[in-house]
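K.L.:
The structure's right below; bear with me while I get my questions together.
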Amino acid sequence: SVAKNKVSICVDDAENDHRFNKSRIPCHLDKIETVTCVPIFGGDQTLLGVLSCLNRKTSDGKKTSFIEQDKIYLENLAKATSVHLQLYKLEKEKNKERKRAESVHAVMNNMKKIKRNQNNPEEVLKLLTLVSDGLMSVDRASFFAVDDVRQELVCIASKKESILGLKLAIGEGVAGNVALTGRTVNIKDAYSCAQFCRNVDRRTGYRTKNILAMPIRDHRHKIIAVVQLLNKEGGNFDSLDEEIMAIFTEEVAPAIKHVIMEMNECNGRVF
């Protein structure tokens, strides 16, 4: 309510206040009775956050209501906090830009290795998984080639050998949906996503937590493959990860197309 209306509030009976959401309160906390919340603004009056205090107590430990003086004190504290929050946001943005620059540099350096091995499909596929694993700090990266004739995807590269050759119908699972729609998918909780196919986890004993999957297109904008990243270390995939992988997929698309053509010529049509 404070974030929406940008106005401070004091609540004397939280349990019976329609704005109070009991389900969001951790079970280890005492019963919430009194609440005061104040908005934290930036210099341009942009909302940065909300400062909240619960269950005001007297000096002898008895719960009591918040008073106007408490609200004024917290509003002054929010002004002081604002400076630190703004500095934190600036530092976060600087770190984001630094990571972007480092990642782009890493992509370009690794592309040199991939291009040097362009006529060795097995080495290219191995490099693709190693580079994408390291670039995003993920547990697993897999590449699926798109077979338009059979209307399916085939896993052509993954450090987990048990899923090499795995086939998915276009539209099946997360990778299949990316191939069908051409849209990047960023999933924070795989098991709460209807598109996620649990059968692979059951079969391999793996536990997928989060997923970033995106299409790989050739120079005609046709989807030739899908890259799927699983279980990022330290949290979920963010918009910066999507930006970096978009650069990566654009750079590796010619190499992947060449690999698919080489494999088809050597072994007969396999995709």
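Going through the structure tokens in order, the chains are called A, B, and so on, while each chain numbers its residues from 1 and the ligands are numbered from 1 in the order shown.
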Residues of range 173-267 of chain A within 9 Å of range 94-113 of chain A: nearest atom pair and distance (Å, one decimal) for each, counting only C-alpha atoms, sorted by chain and number, as JSON lines?

P.N.:
{"residue": "A:Leu240", "atom": "CA", "partner": "A:Arg100", "partner_atom": "CA", "distance": 7.2}
{"residue": "A:Asp241", "atom": "CA", "partner": "A:Arg100", "partner_atom": "CA", "distance": 8.7}
{"residue": "A:Glu243", "atom": "CA", "partner": "A:Arg100", "partner_atom": "CA", "distance": 8.3}
{"residue": "A:Ile244", "atom": "CA", "partner": "A:Ser103", "partner_atom": "CA", "distance": 6.7}
{"residue": "A:Ile247", "atom": "CA", "partner": "A:Val104", "partner_atom": "CA", "distance": 7.5}
{"residue": "A:Phe248", "atom": "CA", "partner": "A:Val107", "partner_atom": "CA", "distance": 6.2}
{"residue": "A:Glu251", "atom": "CA", "partner": "A:Met111", "partner_atom": "CA", "distance": 7.4}
{"residue": "A:Val252", "atom": "CA", "partner": "A:Met111", "partner_atom": "CA", "distance": 7.3}

K.L.:
Give me the residues within 12 Å of Gly234 in chain A as JSON, numbers by chain, counting only C-alpha atoms and dropping any in the same chain fewer than 5 places off.

P.N.:
{"A": [136, 137, 138, 139, 209, 210]}

K.L.:
If we count only C-alpha atoms, what is near Ile114 in chain A at a cut-off of 10 Å, once residues fewer than 2 positions away on the same chain are taken out, given as a list in words?

P.N.:
Met108, Asn109, Asn110, Met111, Lys112, Arg116, Asn117, Gln118, Asn119, Asn120, Pro121, Glu123, Val124, Leu125, Lys126, Leu127, Leu128, Val131, Val252, Ala255 and Ile256 of chain A

K.L.:
Restrict the selected residues to N, CA, C and O atoms and save them as a PDB file, in the first residue's frame.

P.N.:
ATOM      1  N   MET A 108      34.094 -13.075 -27.526  1.00  0.00           N
ATOM      2  CA  MET A 108      34.931 -12.841 -28.699  1.00  0.00           C
ATOM      3  C   MET A 108      36.202 -13.690 -28.665  1.00  0.00           C
ATOM      4  O   MET A 108      36.625 -14.240 -29.681  1.00  0.00           O
ATOM      5  N   ASN A 109      36.807 -13.801 -27.483  1.00  0.00           N
ATOM      6  CA  ASN A 109      38.018 -14.617 -27.364  1.00  0.00           C
ATOM      7  C   ASN A 109      37.740 -16.087 -27.638  1.00  0.00           C
ATOM      8  O   ASN A 109      38.507 -16.776 -28.324  1.00  0.00           O
ATOM      9  N   ASN A 110      36.624 -16.578 -27.096  1.00  0.00           N
ATOM     10  CA  ASN A 110      36.291 -17.990 -27.288  1.00  0.00           C
ATOM     11  C   ASN A 110      35.842 -18.284 -28.710  1.00  0.00           C
ATOM     12  O   ASN A 110      35.998 -19.407 -29.195  1.00  0.00           O
ATOM     13  N   MET A 111      35.283 -17.291 -29.386  1.00  0.00           N
ATOM     14  CA  MET A 111      34.893 -17.489 -30.783  1.00  0.00           C
ATOM     15  C   MET A 111      36.100 -17.771 -31.656  1.00  0.00           C
ATOM     16  O   MET A 111      36.007 -18.504 -32.645  1.00  0.00           O
ATOM     17  N   LYS A 112      37.247 -17.227 -31.296  1.00  0.00           N
ATOM     18  CA  LYS A 112      38.483 -17.495 -32.061  1.00  0.00           C
ATOM     19  C   LYS A 112      38.820 -18.983 -32.000  1.00  0.00           C
ATOM     20  O   LYS A 112      39.200 -19.596 -33.003  1.00  0.00           O
ATOM     21  N   ARG A 116      38.739 -21.645 -35.150  1.00  0.00           N
ATOM     22  CA  ARG A 116      39.939 -22.411 -35.492  1.00  0.00           C
ATOM     23  C   ARG A 116      39.628 -23.902 -35.651  1.00  0.00           C
ATOM     24  O   ARG A 116      40.328 -24.626 -36.362  1.00  0.00           O
ATOM     25  N   ASN A 117      38.580 -24.356 -34.967  1.00  0.00           N
ATOM     26  CA  ASN A 117      38.204 -25.778 -35.012  1.00  0.00           C
ATOM     27  C   ASN A 117      36.941 -26.023 -35.837  1.00  0.00           C
ATOM     28  O   ASN A 117      36.289 -27.059 -35.677  1.00  0.00           O
ATOM     29  N   GLN A 118      36.609 -25.086 -36.711  1.00  0.00           N
ATOM     30  CA  GLN A 118      35.341 -25.153 -37.425  1.00  0.00           C
ATOM     31  C   GLN A 118      35.146 -26.429 -38.228  1.00  0.00           C
ATOM     32  O   GLN A 118      34.027 -26.893 -38.421  1.00  0.00           O
ATOM     33  N   ASN A 119      36.229 -27.031 -38.689  1.00  0.00           N
ATOM     34  CA  ASN A 119      36.118 -28.257 -39.495  1.00  0.00           C
ATOM     35  C   ASN A 119      36.165 -29.525 -38.640  1.00  0.00           C
ATOM     36  O   ASN A 119      36.237 -30.631 -39.179  1.00  0.00           O
ATOM     37  N   ASN A 120      36.129 -29.352 -37.344  1.00  0.00           N
ATOM     38  CA  ASN A 120      36.106 -30.494 -36.421  1.00  0.00           C
ATOM     39  C   ASN A 120      34.833 -30.400 -35.576  1.00  0.00           C
ATOM     40  O   ASN A 120      34.831 -29.806 -34.494  1.00  0.00           O
ATOM     41  N   PRO A 121      33.726 -30.970 -36.078  1.00  0.00           N
ATOM     42  CA  PRO A 121      32.427 -30.835 -35.394  1.00  0.00           C
ATOM     43  C   PRO A 121      32.446 -31.231 -33.918  1.00  0.00           C
ATOM     44  O   PRO A 121      31.866 -30.528 -33.078  1.00  0.00           O
ATOM     45  N   GLU A 123      34.902 -31.176 -31.761  1.00  0.00           N
ATOM     46  CA  GLU A 123      35.614 -30.189 -30.960  1.00  0.00           C
ATOM     47  C   GLU A 123      34.797 -28.907 -30.802  1.00  0.00           C
ATOM     48  O   GLU A 123      34.764 -28.304 -29.724  1.00  0.00           O
ATOM     49  N   VAL A 124      34.108 -28.508 -31.869  1.00  0.00           N
ATOM     50  CA  VAL A 124      33.271 -27.306 -31.816  1.00  0.00           C
ATOM     51  C   VAL A 124      32.158 -27.498 -30.788  1.00  0.00           C
ATOM     52  O   VAL A 124      31.898 -26.613 -29.964  1.00  0.00           O
ATOM     53  N   LEU A 125      31.495 -28.649 -30.824  1.00  0.00           N
ATOM     54  CA  LEU A 125      30.395 -28.908 -29.886  1.00  0.00           C
ATOM     55  C   LEU A 125      30.892 -28.951 -28.450  1.00  0.00           C
ATOM     56  O   LEU A 125      30.221 -28.450 -27.531  1.00  0.00           O
ATOM     57  N   LYS A 126      32.083 -29.524 -28.251  1.00  0.00           N
ATOM     58  CA  LYS A 126      32.668 -29.555 -26.911  1.00  0.00           C
ATOM     59  C   LYS A 126      32.966 -28.138 -26.418  1.00  0.00           C
ATOM     60  O   LYS A 126      32.674 -27.784 -25.277  1.00  0.00           O
ATOM     61  N   LEU A 127      33.521 -27.314 -27.309  1.00  0.00           N
ATOM     62  CA  LEU A 127      33.838 -25.928 -26.952  1.00  0.00           C
ATOM     63  C   LEU A 127      32.580 -25.130 -26.646  1.00  0.00           C
ATOM     64  O   LEU A 127      32.553 -24.306 -25.734  1.00  0.00           O
ATOM     65  N   LEU A 128      31.515 -25.376 -27.420  1.00  0.00           N
ATOM     66  CA  LEU A 128      30.262 -24.652 -27.207  1.00  0.00           C
ATOM     67  C   LEU A 128      29.728 -24.866 -25.794  1.00  0.00           C
ATOM     68  O   LEU A 128      29.301 -23.921 -25.123  1.00  0.00           O
ATOM     69  N   VAL A 131      32.210 -23.238 -23.185  1.00  0.00           N
ATOM     70  CA  VAL A 131      32.134 -21.771 -23.188  1.00  0.00           C
ATOM     71  C   VAL A 131      30.849 -21.291 -22.536  1.00  0.00           C
ATOM     72  O   VAL A 131      30.857 -20.393 -21.690  1.00  0.00           O
ATOM     73  N   VAL A 252      27.755 -17.584 -32.403  1.00  0.00           N
ATOM     74  CA  VAL A 252      28.011 -19.015 -32.654  1.00  0.00           C
ATOM     75  C   VAL A 252      27.106 -19.610 -33.720  1.00  0.00           C
ATOM     76  O   VAL A 252      27.334 -20.737 -34.161  1.00  0.00           O
ATOM     77  N   ALA A 255      28.808 -21.160 -36.781  1.00  0.00           N
ATOM     78  CA  ALA A 255      29.558 -22.370 -36.438  1.00  0.00           C
ATOM     79  C   ALA A 255      28.619 -23.546 -36.224  1.00  0.00           C
ATOM     80  O   ALA A 255      28.905 -24.672 -36.661  1.00  0.00           O
ATOM     81  N   ILE A 256      27.478 -23.313 -35.567  1.00  0.00           N
ATOM     82  CA  ILE A 256      26.520 -24.393 -35.328  1.00  0.00           C
ATOM     83  C   ILE A 256      25.918 -24.867 -36.647  1.00  0.00           C
ATOM     84  O   ILE A 256      25.765 -26.076 -36.881  1.00  0.00           O
TER      85      ILE A 256
END

K.L.:
Which is closest to Asp189 in chain A among A:Ala157, A:Phe237, A:Ile223, A:Arg203, if we use only C-alpha atoms?

P.N.:
A:Phe237

K.L.:
Measure the distance from CA of Phe143 in chain A to CA of Val226 in chain A in Å and round it to one decimal.

P.N.:
5.8 Å

K.L.:
Name the closest residue to Leu168 in chain A among the candidates A:Val50, A:Val259, A:Val200, A:Ala190; distances are taken between atoms, counting only C-alpha atoms.

P.N.:
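Selected residue with least distance to Leu168 in chain A: A:Val200.
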
K.L.:
Please identify which residues in range 61-159 of chain A DSSP calls strand (DSSP E) from the backbone, and express them as a ChimeraX atom specification.

P.N.:
/A:138-147,152-158
